[in-house]
>>> print(open('coords27.cif').read())   # mmCIF, C-alpha atoms
data_data
loop_
_atom_site.label_atom_id
_atom_site.label_comp_id
_atom_site.auth_asym_id
_atom_site.auth_seq_id
_atom_site.Cartn_x
_atom_site.Cartn_y
_atom_site.Cartn_z
CA MET A 295 105.73 -127.62 -32.23
CA PRO A 296 107.63 -124.38 -31.54
CA ASP A 297 105.56 -121.54 -30.15
CA PRO A 298 105.44 -118.71 -32.77
CA ALA A 299 104.87 -116.25 -29.93
CA GLN A 300 108.29 -117.12 -28.46
CA PRO A 301 111.69 -116.06 -29.82
CA GLY A 302 113.48 -118.73 -31.84
CA PRO A 303 116.57 -119.22 -34.01
CA VAL A 304 116.82 -117.74 -37.47
CA THR A 305 115.66 -120.09 -40.21
CA LEU A 306 115.69 -119.76 -43.96
CA GLU A 307 111.88 -119.71 -43.92
CA LYS A 308 111.89 -116.70 -41.59
CA LEU A 309 114.36 -114.84 -43.82
CA VAL A 310 112.35 -115.55 -46.98
CA SER A 311 109.14 -114.40 -45.26
CA LEU A 312 110.71 -111.21 -43.95
CA ALA A 313 112.33 -110.46 -47.30
CA LYS A 314 108.97 -110.67 -49.08
CA ARG A 315 106.95 -108.90 -46.37
CA ARG A 316 109.26 -105.90 -46.06
CA GLY A 317 110.30 -105.49 -49.69
CA PHE A 318 113.82 -106.89 -49.69
CA ILE A 319 113.49 -109.73 -52.21
CA PHE A 320 110.62 -111.04 -54.36
CA GLN A 321 110.20 -114.13 -56.47
CA SER A 322 110.87 -113.14 -60.07
CA SER A 323 107.82 -113.10 -62.38
CA GLU A 324 105.66 -113.89 -59.36
CA ILE A 325 102.35 -112.92 -60.99
CA TYR A 326 103.00 -115.63 -63.61
CA GLY A 327 103.73 -118.25 -60.98
CA GLY A 328 107.39 -117.34 -60.63
CA MET A 329 110.53 -118.65 -62.30
CA ALA A 330 112.66 -121.10 -60.36
CA SER A 331 115.80 -119.73 -58.74
CA THR A 332 115.43 -116.18 -60.04
CA TRP A 333 114.87 -113.26 -57.73
CA ASP A 334 114.00 -109.57 -57.87
CA TYR A 335 115.33 -107.08 -55.33
CA GLY A 336 112.67 -104.78 -53.92
CA PRO A 337 113.13 -101.18 -52.67
CA LEU A 338 114.95 -102.18 -49.47
CA GLY A 339 116.78 -105.11 -51.02
CA VAL A 340 118.28 -103.12 -53.85
CA GLN A 341 119.56 -100.54 -51.36
CA LEU A 342 120.98 -103.25 -49.09
CA LYS A 343 122.73 -104.88 -52.04
CA ARG A 344 124.03 -101.51 -53.24
CA ASN A 345 125.43 -100.82 -49.77
CA VAL A 346 127.24 -104.18 -49.80
CA LYS A 347 128.69 -103.46 -53.22
CA ASP A 348 129.62 -99.89 -52.29
CA ALA A 349 131.39 -101.07 -49.13
CA TRP A 350 133.35 -103.62 -51.19
CA TRP A 351 134.23 -101.06 -53.86
CA ARG A 352 135.30 -98.55 -51.25
CA ALA A 353 137.61 -101.08 -49.58
CA MET A 354 139.00 -102.42 -52.85
CA VAL A 355 139.32 -99.31 -55.01
CA ARG A 356 138.53 -95.96 -53.41
CA GLU A 357 140.63 -96.43 -50.27
CA ARG A 358 143.64 -97.95 -52.08
CA ASP A 359 146.06 -96.66 -54.71
CA ASP A 360 147.16 -100.09 -55.94
CA ILE A 361 143.79 -101.26 -57.34
CA VAL A 362 141.75 -99.80 -60.21
CA GLY A 363 138.27 -100.60 -61.49
CA LEU A 364 136.90 -102.15 -64.65
CA ASP A 365 133.50 -102.89 -66.16
CA ALA A 366 133.90 -105.51 -68.91
CA ALA A 367 131.19 -106.70 -71.27
CA ILE A 368 129.01 -109.72 -70.47
CA LEU A 369 129.34 -111.02 -74.05
CA MET A 370 132.92 -111.83 -75.01
CA HIS A 371 134.70 -113.52 -77.91
CA PRO A 372 134.03 -117.29 -77.75
CA ARG A 373 137.79 -117.98 -77.77
CA VAL A 374 138.01 -116.36 -74.33
CA TRP A 375 136.10 -119.30 -72.87
CA GLU A 376 138.16 -121.83 -74.78
CA ALA A 377 141.36 -120.32 -73.37
CA SER A 378 139.98 -120.18 -69.84
CA GLY A 379 138.95 -123.85 -69.94
CA HIS A 380 135.24 -123.18 -69.53
CA VAL A 381 134.20 -124.74 -72.85
CA ALA A 382 135.97 -128.03 -72.17
CA GLY A 383 136.00 -128.22 -68.39
CA PHE A 384 133.19 -126.13 -66.89
CA THR A 385 130.91 -129.13 -66.43
CA ASP A 386 129.01 -131.00 -63.74
CA PRO A 387 128.02 -134.68 -63.72
CA LEU A 388 124.26 -134.97 -64.19
CA VAL A 389 122.03 -137.96 -63.36
CA ASP A 390 118.28 -138.61 -63.52
CA CYS A 391 116.26 -140.67 -61.05
CA LYS A 392 114.30 -143.35 -62.94
CA GLN A 393 111.68 -143.48 -60.19
CA CYS A 394 110.68 -139.83 -59.68
CA ARG A 395 112.42 -138.23 -62.70
CA HIS A 396 114.33 -135.81 -60.46
CA ARG A 397 117.53 -134.49 -62.04
CA PHE A 398 120.52 -133.65 -59.88
CA ARG A 399 124.30 -133.41 -59.67
CA ALA A 400 126.13 -136.66 -58.97
CA ASP A 401 129.17 -135.16 -57.22
CA ASP A 402 127.58 -134.28 -53.86
CA PRO A 403 129.07 -136.52 -51.11
CA ALA A 404 125.96 -135.94 -48.99
CA LEU A 405 123.96 -138.02 -51.49
CA LEU A 406 125.96 -141.19 -50.86
CA SER A 407 124.38 -143.89 -48.69
CA GLU A 408 126.27 -145.66 -45.91
CA LYS A 409 127.31 -148.25 -48.50
CA GLY A 410 128.65 -145.54 -50.80
CA VAL A 411 125.77 -145.83 -53.28
CA LEU A 412 124.43 -142.66 -54.88
CA ILE A 413 120.78 -142.05 -53.97
CA CYS A 414 118.17 -139.59 -55.19
CA PRO A 415 117.79 -136.62 -52.76
CA LYS A 416 114.07 -136.45 -53.52
CA CYS A 417 112.81 -140.04 -53.20
CA GLY A 418 115.83 -142.00 -51.93
CA SER A 419 115.97 -144.37 -54.89
CA SER A 420 119.27 -145.70 -56.20
CA ASP A 421 117.80 -146.52 -59.61
CA LEU A 422 119.57 -143.78 -61.54
CA THR A 423 120.80 -143.12 -65.05
CA GLU A 424 124.48 -143.06 -65.91
CA ALA A 425 126.15 -139.73 -65.16
CA ARG A 426 126.63 -137.44 -68.14
CA MET A 427 128.60 -134.22 -68.22
CA PHE A 428 126.65 -130.97 -68.47
CA ASN A 429 128.26 -127.62 -69.37
CA LEU A 430 127.13 -124.83 -67.06
CA MET A 431 127.45 -121.95 -69.51
CA PHE A 432 124.38 -120.37 -71.09
CA LYS A 433 124.62 -120.30 -74.88
CA THR A 434 123.22 -117.57 -77.06
CA HIS A 435 123.64 -116.40 -80.65
CA VAL A 436 124.96 -113.14 -82.02
CA GLY A 437 123.32 -111.86 -85.21
CA PRO A 438 120.30 -112.99 -87.20
CA VAL A 439 121.44 -116.56 -88.02
CA GLU A 440 121.52 -119.20 -85.30
CA ASP A 441 124.46 -121.36 -86.33
CA ASP A 442 127.68 -122.51 -84.69
CA ALA A 443 129.60 -119.57 -86.10
CA ALA A 444 127.30 -117.17 -84.25
CA THR A 445 127.49 -118.98 -80.88
CA ALA A 446 128.36 -116.87 -77.87
CA PHE A 447 128.10 -117.37 -74.13
CA LEU A 448 126.78 -115.39 -71.19
CA ARG A 449 129.83 -115.05 -68.97
CA PRO A 450 129.98 -117.51 -66.05
CA GLU A 451 132.39 -115.23 -64.16
CA THR A 452 133.69 -111.67 -64.35
CA ALA A 453 137.37 -112.61 -63.95
CA GLN A 454 138.12 -113.30 -67.62
CA GLY A 455 137.13 -109.76 -68.59
CA ILE A 456 139.91 -108.59 -66.28
CA PHE A 457 142.54 -110.94 -67.70
CA VAL A 458 141.93 -110.04 -71.34
CA ASN A 459 142.17 -106.33 -70.40
CA PHE A 460 145.39 -106.75 -68.40
CA GLU A 461 147.58 -105.04 -71.02
CA ASN A 462 145.05 -102.24 -71.64
CA VAL A 463 144.83 -101.40 -67.95
CA ARG A 464 148.56 -101.72 -67.30
CA THR A 465 149.41 -99.43 -70.21
CA THR A 466 146.82 -96.74 -69.48
CA THR A 467 147.31 -96.60 -65.70
CA ARG A 468 151.11 -97.20 -65.68
CA LYS A 469 150.68 -99.32 -62.56
CA LYS A 470 153.68 -101.21 -61.17
CA LEU A 471 153.48 -104.64 -59.59
CA PRO A 472 151.82 -105.48 -57.34
CA PHE A 473 148.53 -104.00 -58.52
CA GLY A 474 144.94 -105.15 -58.86
CA ILE A 475 141.92 -104.77 -61.11
CA ALA A 476 138.46 -104.93 -59.49
CA GLN A 477 135.10 -105.55 -61.10
CA GLN A 478 131.47 -106.05 -60.13
CA GLY A 479 128.83 -107.43 -62.43
CA LYS A 480 126.30 -110.07 -63.43
CA SER A 481 127.34 -113.64 -64.21
CA PHE A 482 125.26 -116.59 -65.37
CA ARG A 483 125.54 -120.32 -64.72
CA ASN A 484 123.05 -122.96 -65.79
CA GLU A 485 123.19 -124.63 -62.38
CA ILE A 486 121.66 -128.09 -62.13
CA THR A 487 121.01 -127.79 -58.41
CA THR A 488 119.85 -124.42 -57.13
CA GLY A 489 118.31 -123.50 -53.83
CA ASN A 490 118.69 -121.99 -50.38
CA PHE A 491 117.01 -118.79 -51.53
CA ILE A 492 119.54 -116.43 -53.16
CA PHE A 493 122.55 -118.54 -52.13
CA ARG A 494 122.74 -120.47 -55.42
CA SER A 495 120.95 -119.18 -58.50
CA ARG A 496 121.48 -119.06 -62.24
CA GLU A 497 121.81 -115.28 -62.43
CA PHE A 498 123.95 -113.61 -59.80
CA GLU A 499 126.24 -110.68 -59.17
CA GLN A 500 129.94 -111.07 -58.45
CA MET A 501 132.54 -108.88 -56.76
CA GLU A 502 135.97 -110.01 -57.97
CA MET A 503 139.47 -108.59 -57.85
CA GLU A 504 142.58 -109.92 -59.59
CA TYR A 505 145.80 -108.90 -57.86
CA PHE A 506 148.89 -109.26 -60.06
CA VAL A 507 152.15 -110.00 -58.28
CA LYS A 508 155.71 -111.06 -59.01
CA PRO A 509 156.25 -114.85 -58.98
CA GLY A 510 157.79 -115.82 -55.67
CA GLU A 511 155.78 -113.17 -53.80
CA ASP A 512 152.44 -114.86 -54.43
CA ASP A 513 152.28 -116.92 -51.23
CA GLU A 514 152.76 -113.82 -49.08
CA TRP A 515 150.07 -111.91 -50.95
CA PHE A 516 147.72 -114.89 -50.79
CA GLU A 517 147.89 -114.92 -46.99
CA TYR A 518 147.47 -111.13 -46.94
CA TRP A 519 144.25 -111.24 -48.94
CA VAL A 520 142.77 -114.10 -46.94
CA LYS A 521 143.13 -112.04 -43.76
CA GLU A 522 142.08 -108.78 -45.43
CA ARG A 523 138.88 -110.25 -46.77
CA PHE A 524 137.98 -112.02 -43.51
CA ASP A 525 138.40 -108.73 -41.66
CA TRP A 526 136.20 -106.91 -44.18
CA TRP A 527 133.19 -109.09 -43.38
CA THR A 528 133.59 -108.60 -39.62
CA ARG A 529 134.19 -104.88 -40.05
CA HIS A 530 130.73 -104.55 -41.55
CA GLY A 531 128.97 -106.48 -38.83
CA ILE A 532 129.29 -110.22 -39.50
CA ASP A 533 129.90 -112.18 -36.29
CA ALA A 534 133.46 -113.57 -36.48
CA GLU A 535 132.33 -116.70 -34.64
CA LYS A 536 130.03 -117.50 -37.58
CA LEU A 537 132.90 -117.26 -40.06
CA ARG A 538 135.69 -119.71 -40.75
CA ILE A 539 138.56 -120.04 -43.21
CA ARG A 540 138.63 -123.42 -44.93
CA PRO A 541 141.69 -124.23 -47.09
CA HIS A 542 140.89 -126.48 -50.04
CA ASP A 543 142.28 -129.99 -50.00
CA PRO A 544 144.66 -130.77 -52.89
CA ASP A 545 142.10 -133.02 -54.58
CA GLU A 546 139.44 -130.27 -54.71
CA LEU A 547 141.60 -127.47 -56.09
CA SER A 548 140.61 -126.01 -59.42
CA HIS A 549 142.91 -126.90 -62.30
CA TYR A 550 144.43 -123.40 -62.29
CA SER A 551 144.88 -123.03 -58.53
CA LYS A 552 148.11 -123.24 -56.54
CA GLY A 553 146.01 -122.84 -53.40
CA THR A 554 142.51 -121.72 -52.45
CA SER A 555 140.85 -120.85 -49.15
CA ASP A 556 137.14 -120.24 -48.71
CA ILE A 557 135.67 -117.84 -46.19
CA GLU A 558 132.57 -119.72 -45.06
CA TYR A 559 129.56 -118.49 -43.10
CA ALA A 560 127.31 -120.53 -40.80
CA PHE A 561 124.05 -120.08 -42.73
CA PRO A 562 120.80 -121.43 -41.22
CA TRP A 563 121.32 -124.74 -43.09
CA GLY A 564 125.06 -125.03 -42.28
CA TRP A 565 128.43 -123.81 -43.50
CA GLY A 566 128.46 -122.30 -47.00
CA GLU A 567 131.02 -120.48 -49.11
CA LEU A 568 130.85 -116.71 -48.81
CA GLU A 569 134.07 -115.83 -50.60
CA GLY A 570 136.95 -117.69 -52.21
CA ILE A 571 140.55 -116.49 -52.30
CA ALA A 572 142.64 -118.30 -54.90
CA ASN A 573 146.26 -118.24 -55.98
CA ARG A 574 145.69 -118.71 -59.73
CA GLY A 575 149.40 -118.65 -60.56
CA ALA A 576 150.21 -117.59 -64.13
CA PHE A 577 147.54 -119.81 -65.71
CA ASP A 578 145.11 -117.18 -67.00
CA LEU A 579 147.52 -114.70 -68.55
CA THR A 580 149.54 -117.56 -70.07
CA GLN A 581 146.45 -119.15 -71.61
CA HIS A 582 145.12 -115.92 -73.08
CA GLY A 583 148.59 -115.07 -74.39
CA GLU A 584 148.78 -118.42 -76.20
CA TYR A 585 145.23 -118.38 -77.60
CA SER A 586 145.31 -114.72 -78.71
CA GLY A 587 148.90 -114.70 -79.94
CA LYS A 588 149.64 -111.63 -77.83
CA ALA A 589 152.04 -112.22 -74.95
CA LEU A 590 150.62 -110.87 -71.68
CA LYS A 591 153.83 -110.22 -69.80
CA TYR A 592 155.20 -107.60 -67.43
CA PHE A 593 158.61 -105.95 -67.76
CA ASP A 594 160.24 -105.14 -64.44
CA ASP A 595 162.31 -101.95 -64.74
CA GLU A 596 164.40 -102.79 -61.67
CA SER A 597 165.38 -106.38 -62.50
CA LYS A 598 165.22 -105.81 -66.28
CA GLU A 599 163.34 -109.07 -66.70
CA SER A 600 160.08 -109.93 -68.41
CA PHE A 601 157.66 -112.46 -66.91
CA VAL A 602 154.01 -113.48 -66.66
CA PRO A 603 152.63 -112.19 -63.33
CA TYR A 604 150.95 -114.49 -60.83
CA VAL A 605 147.40 -113.66 -59.75
CA ILE A 606 145.70 -113.67 -56.35
CA GLU A 607 141.91 -113.59 -56.67
CA PRO A 608 139.46 -112.69 -53.89
CA ALA A 609 136.02 -113.48 -55.38
CA SER A 610 132.68 -113.12 -53.62
CA GLY A 611 129.03 -112.93 -54.54
CA ALA A 612 126.99 -109.82 -53.78
CA ASP A 613 123.85 -111.97 -53.43
CA ARG A 614 125.47 -114.35 -50.97
CA GLY A 615 126.75 -111.33 -49.11
CA VAL A 616 123.23 -109.95 -48.83
CA LEU A 617 121.99 -113.29 -47.52
CA ALA A 618 124.78 -113.52 -44.96
CA PHE A 619 124.15 -109.98 -43.72
CA LEU A 620 120.41 -110.71 -43.45
CA ALA A 621 120.97 -113.97 -41.57
CA ASP A 622 123.56 -112.48 -39.24
CA ALA A 623 121.48 -109.39 -38.47
CA TYR A 624 118.23 -111.29 -37.81
CA ASP A 625 117.23 -111.44 -34.15
CA GLU A 626 114.13 -112.10 -32.11
CA GLU A 627 113.50 -111.07 -28.52
CA GLN A 628 110.54 -111.15 -26.18
CA ASP A 629 108.91 -107.78 -25.68
CA LYS A 630 105.84 -107.90 -23.42
CA ASP A 631 103.32 -110.20 -25.11
CA GLU A 632 104.92 -110.36 -28.54
CA VAL A 633 108.17 -111.23 -30.25
CA ARG A 634 110.19 -108.26 -31.46
CA VAL A 635 111.98 -108.98 -34.75
CA VAL A 636 115.11 -106.89 -35.29
CA LEU A 637 117.66 -106.73 -38.09
CA ARG A 638 120.81 -105.58 -36.32
CA PHE A 639 122.61 -104.30 -39.40
CA SER A 640 125.81 -102.36 -39.11
CA PRO A 641 125.06 -98.73 -40.08
CA SER A 642 127.36 -99.14 -43.09
CA ILE A 643 125.10 -101.86 -44.51
CA ALA A 644 121.61 -100.85 -43.29
CA PRO A 645 119.38 -99.87 -46.25
CA VAL A 646 117.71 -97.11 -44.19
CA LYS A 647 119.94 -95.21 -41.77
CA VAL A 648 117.35 -92.94 -40.13
CA ALA A 649 113.56 -92.84 -39.95
CA VAL A 650 111.72 -89.60 -39.23
CA LEU A 651 108.44 -90.26 -37.41
CA PRO A 652 105.97 -87.45 -36.69
CA LEU A 653 103.69 -88.28 -33.76
CA SER A 654 100.72 -87.00 -35.77
CA ARG A 655 99.87 -86.09 -39.36
CA LYS A 656 98.36 -82.81 -38.19
CA GLU A 657 99.80 -79.48 -39.24
CA PRO A 658 102.05 -77.77 -38.20
CA LEU A 659 103.68 -80.93 -36.74
CA ARG A 660 103.82 -82.54 -40.15
CA GLU A 661 105.50 -79.45 -41.58
CA LEU A 662 108.20 -79.54 -38.90
CA ALA A 663 108.78 -83.28 -39.39
CA ARG A 664 109.12 -82.82 -43.15
CA SER A 665 111.65 -80.09 -42.60
CA VAL A 666 113.71 -82.41 -40.34
CA TYR A 667 113.44 -85.12 -42.99
CA ASP A 668 114.55 -82.78 -45.79
CA GLY A 669 117.49 -81.62 -43.69
CA LEU A 670 118.81 -85.18 -43.22
CA ARG A 671 118.14 -86.93 -46.52
CA ASP A 672 121.02 -85.24 -48.34
CA ARG A 673 123.47 -87.04 -46.04
CA TRP A 674 121.84 -90.41 -45.39
CA ASP A 675 119.18 -92.81 -46.66
CA VAL A 676 116.23 -91.53 -44.63
CA GLN A 677 112.65 -92.80 -44.54
CA TYR A 678 109.61 -90.73 -43.59
CA ASP A 679 106.89 -92.81 -41.90
CA ASP A 680 103.63 -91.44 -40.52
CA ALA A 681 101.32 -94.47 -40.86
CA GLN A 682 99.84 -96.25 -37.79
CA SER A 683 100.79 -95.82 -34.13
CA ILE A 684 104.28 -94.80 -33.08
CA GLY A 685 104.81 -98.23 -31.51
CA ARG A 686 103.94 -100.00 -34.75
CA ARG A 687 106.27 -97.72 -36.66
CA TYR A 688 109.14 -98.47 -34.28
CA ARG A 689 108.53 -102.19 -34.83
CA ARG A 690 108.48 -101.71 -38.58
CA GLN A 691 111.79 -99.84 -38.54
CA ASP A 692 113.34 -102.47 -36.24
CA GLU A 693 112.30 -105.17 -38.69
CA ILE A 694 114.02 -103.49 -41.64
CA GLY A 695 117.15 -102.73 -39.62
CA THR A 696 117.00 -98.93 -39.30
CA PRO A 697 119.63 -97.99 -36.67
CA LEU A 698 118.01 -94.73 -35.46
CA CYS A 699 114.52 -93.20 -35.38
CA VAL A 700 113.83 -89.49 -34.91
CA THR A 701 110.42 -88.73 -33.40
CA VAL A 702 108.91 -85.25 -33.71
CA ASP A 703 106.08 -84.59 -31.23
CA PHE A 704 103.89 -81.65 -30.25
CA GLU A 705 106.44 -80.45 -27.68
CA SER A 706 108.90 -80.12 -30.55
CA LEU A 707 106.85 -77.19 -31.83
CA ASP A 708 107.67 -75.28 -28.65
CA ASP A 709 111.17 -76.43 -27.66
CA GLN A 710 112.52 -77.30 -31.16
CA GLN A 711 113.79 -80.66 -29.88
CA ALA A 712 113.28 -84.21 -31.12
CA THR A 713 113.66 -87.69 -29.63
CA VAL A 714 116.24 -90.10 -31.04
CA ARG A 715 115.57 -93.81 -30.42
CA GLU A 716 118.32 -96.38 -30.83
CA ARG A 717 117.31 -99.66 -32.49
CA ASP A 718 119.24 -102.24 -30.46
CA SER A 719 118.87 -100.86 -26.94
CA MET A 720 115.59 -98.95 -27.58
CA GLU A 721 117.07 -96.15 -25.46
CA GLN A 722 115.86 -92.63 -26.20
CA VAL A 723 117.52 -89.26 -25.93
CA ARG A 724 116.00 -85.84 -26.53
CA LEU A 725 118.12 -83.15 -28.11
CA PRO A 726 117.81 -79.91 -30.11
CA ILE A 727 116.85 -80.36 -33.75
CA ALA A 728 119.79 -78.12 -34.61
CA ASP A 729 122.14 -80.76 -33.12
CA LEU A 730 120.52 -83.74 -34.85
CA ALA A 731 122.93 -83.99 -37.80
CA ALA A 732 126.02 -83.95 -35.58
CA HIS A 733 124.53 -86.54 -33.23
CA LEU A 734 123.47 -88.84 -36.04
CA SER A 735 126.82 -88.50 -37.78
CA GLU A 736 128.61 -89.64 -34.62
CA ARG A 737 126.36 -92.70 -34.39
CA LEU A 738 126.24 -93.61 -38.08
CA ASP A 739 129.57 -92.49 -39.52
CA GLY A 740 131.81 -92.64 -36.48
#
>>> encode(input="coords27.cif", output="structure tokens")
Amino acid sequence: MPDPAQPGPVTLEKLVSLAKRRGFIFQSSEIYGGMASTWDYGPLGVQLKRNVKDAWWRAMVRERDDIVGLDAAILMHPRVWEASGHVAGFTDPLVDCKQCRHRFRADDPALLSEKGVLICPKCGSSDLTEARMFNLMFKTHVGPVEDDAATAFLRPETAQGIFVNFENVRTTTRKKLPFGIAQQGKSFRNEITTGNFIFRSREFEQMEMEYFVKPGEDDEWFEYWVKERFDWWTRHGIDAEKLRIRPHDPDELSHYSKGTSDIEYAFPWGWGELEGIANRGAFDLTQHGEYSGKALKYFDDESKESFVPYVIEPASGADRGVLAFLADAYDEEQDKDEVRVVLRFSPSIAPVKVAVLPLSRKEPLRELARSVYDGLRDRWDVQYDDAQSIGRRYRRQDEIGTPLCVTVDFESLDDQQATVRERDSMEQVRLPIADLAAHLSERLDG
């Protein structure tokens, strides 16, 4: 048995425990026994997820002049999903084990025995039902009468909202090719097999961008976006050695894809998809043009030709991003007689950037500490913590990934200085309170 008092590798169990203990992620409806594969983001988790989404939006929209944003509705006309192929083709093969009644997908190669026989992942039996196809979209009804005419779907992806708004965005923004449309939002899939915490769930948040290009230039832009997206993850702290680019084999490509590459991360259980970059060709705009009767084409002023643009799609999940950042930041090290748990977040992702820690709750020290706190919170996400010993508070801030702690002590009342402690090295420097903002800015924003 591993010694819990000794540092060890990150496991999914450790991440789940930390997420609950420190207020990152809770089981949804927990007081009622929970609901499988649904999760609630706590105070720190919602800020972490917001930071991930903000970093993505900044890189995709705010820092570029060739990409604009969109927020399309979750409920869309049912014909959208017929045109996209989701009604007919968005299915998984489903089987039931006759021994233990476990239901699971039949297309997982890991469930094949050495003889190539499909076996139940729960009990190992090969006594299974015939596979039947199961559509992954959630159905709902619009209006007071629940009949086929009122059937609608919760969107399984955000991309189609972009495609059906292609002409609206192009006309109102007057963008020239190449240009992109970015969107973040909730999607829903009635997954048969969920698990690995927030990695695969039925309700999740996507970050997708559709980049429209001239046919013939799509291969170049595909390679560009593969590299751009890989670099984004490393720029915000993910270890490049735990990332890999895996091109899809021809037999696993989606029906619409000319080529797809996944950026995969080495999660505690193994490699898993973090983001997919696909060359979707002209499939989507062509399909929606045919089904709607409105041609979705682009007229090139220079060549005087009209054509359906090709699309390059970088698509990632905000929830998977949160999990990857948590797993990559998690570290344990021996510190005297106990294990120090640290989340080594990049400052751009950390939910709390600075913690202000008064050495005592006594006045006037508390008053000075609150004034330091008030002076910093307009610029960064700052936490004020005066509970328990200073050592315990340092450990607590390490465990939630706070890069810097500012300690105000009784000497501060006389010399108007404070101590700044760095999370990773635990080194401390004392400097005038008047210089705090400039010092912190260099460390956090630099």
>>> residues_near_point(input="coords27.cif", point="(143.2, -124.3, -54.8)", cutoff="12 Å", atoms="all atoms listed in the file", output="VMD selection string")
chain A and resid 516 540 to 556 570 to 575 606 to 607
>>> atom_distance(input="coords27.cif", atom1="CA of Val463 in chain A", atom2="CA of Met354 in chain A")
16.2 Å
>>> atom_distance(input="coords27.cif", atom1="CA of Tyr585 in chain A", atom2="CA of Ala609 in chain A")
24.5 Å
>>> atom_distance(input="coords27.cif", atom1="CA of Ala404 in chain A", atom2="CA of Ala560 in chain A")
17.5 Å
>>> resolve_selection(input="coords27.cif", expression="the PyMOL selection byres ((chain A and resi 643) around 12)", output="VMD selection string")
chain A and resid 338 to 350 527 to 532 615 to 616 618 to 620 622 to 623 637 to 642 644 to 647 674 to 675 694 to 697 738 to 739
>>> residues_near_point(input="coords27.cif", point="(115.9, -117.4, -47.3)", cutoff="9 Å", atoms="all atoms listed in the file", output="list in words")
Thr305, Leu306, Glu307, Lys308, Leu309, Val310, Ser311, Leu312, Ala313, Asn490, Phe491, Ile492, Phe493, Pro562, Leu617, Leu620 and Ala621 of chain A
>>> closest_residue(input="coords27.cif", among="A:Ala353, A:Tyr624, A:Pro303, A:Val666", to="Glu522 in chain A", atoms="all atoms listed in the file")
A:Ala353
>>> resolve_selection(input="coords27.cif", expression="the PyMOL selection byres ((chain A and resi 480) around 10)", output="MDAnalysis selection string")
chainID A and resid 367:368 448:452 478:479 481:482 497:501 611:612
>>> write_last_selection(input="coords27.cif", atoms="C-alpha atoms", output="compact mmCIF listing (two decimals), in the frame of the given file")
# COMPACT_ATOMS: atom_id res chain seq x y z
CA ALA A 367 131.19 -106.70 -71.27
CA ILE A 368 129.01 -109.72 -70.47
CA LEU A 448 126.78 -115.39 -71.19
CA ARG A 449 129.83 -115.05 -68.97
CA PRO A 450 129.98 -117.51 -66.05
CA GLU A 451 132.39 -115.23 -64.16
CA THR A 452 133.69 -111.67 -64.35
CA GLN A 478 131.47 -106.05 -60.13
CA GLY A 479 128.83 -107.43 -62.43
CA SER A 481 127.34 -113.64 -64.21
CA PHE A 482 125.26 -116.59 -65.37
CA GLU A 497 121.81 -115.28 -62.43
CA PHE A 498 123.95 -113.61 -59.80
CA GLU A 499 126.24 -110.68 -59.17
CA GLN A 500 129.94 -111.07 -58.45
CA MET A 501 132.54 -108.88 -56.76
CA GLY A 611 129.03 -112.93 -54.54
CA ALA A 612 126.99 -109.82 -53.78
>>> closest_residue(input="coords27.cif", among="A:Glu558, A:Asp386, A:Asp359, A:Glu502", to="Phe473 in chain A", atoms="all atoms listed in the file")
A:Asp359
>>> resolve_selection(input="coords27.cif", expression="the PyMOL selection byres ((chain A and resi 470) around 10)", output="PyMOL selection string")
chain A and resi 360+464+467-469+471-474+506-507+592-595
>>> residues_around(input="coords27.cif", residues="Asp729 in chain A", least_positions_apart="6", cutoff="12 Å", atoms="only C-alpha atoms", output="ChimeraX atom specification")
/A:666,669-670,710-714,735-736
>>> closest_residue(input="coords27.cif", among="A:Asp629, A:Lys591, A:Thr487, A:Gln477", to="Ala366 in chain A", atoms="all atoms listed in the file")
A:Gln477
>>> closest_residue(input="coords27.cif", among="A:Tyr518, A:Phe428, A:Phe318, A:Tyr505", to="Ala576 in chain A", atoms="all atoms listed in the file")
A:Tyr505
>>> closest_residue(input="coords27.cif", among="A:Met503, A:Ile684, A:Leu430, A:Val650", to="Asp365 in chain A", atoms="only C-alpha atoms")
A:Met503
>>> axis_aligned_box(input="coords27.cif", around="range 583-596 of chain A", padding_each_side="8 Å", output="JSON")
{"center_x": 154.8, "center_y": -110.2, "center_z": -70.8, "size_x": 35.2, "size_y": 32.5, "size_z": 34.3}
>>> closest_residue(input="coords27.cif", among="A:Ser683, A:Ser378, A:Thr434, A:Thr701", to="Ser586 in chain A", atoms="only C-alpha atoms")
A:Ser378
>>> residues_around(input="coords27.cif", residues="Asp334 in chain A", least_positions_apart="2", cutoff="6 Å", atoms="all atoms listed in the file", output="PyMOL selection string")
chain A and resi 319-320+322
>>> write_last_selection(input="coords27.cif", atoms="C-alpha atoms", output="PDB file, in the frame of the given file")
ATOM      1  CA  ILE A 319     113.490-109.730 -52.210  1.00  0.00           C
ATOM      2  CA  PHE A 320     110.620-111.040 -54.360  1.00  0.00           C
ATOM      3  CA  SER A 322     110.870-113.140 -60.070  1.00  0.00           C
TER       4      SER A 322
END
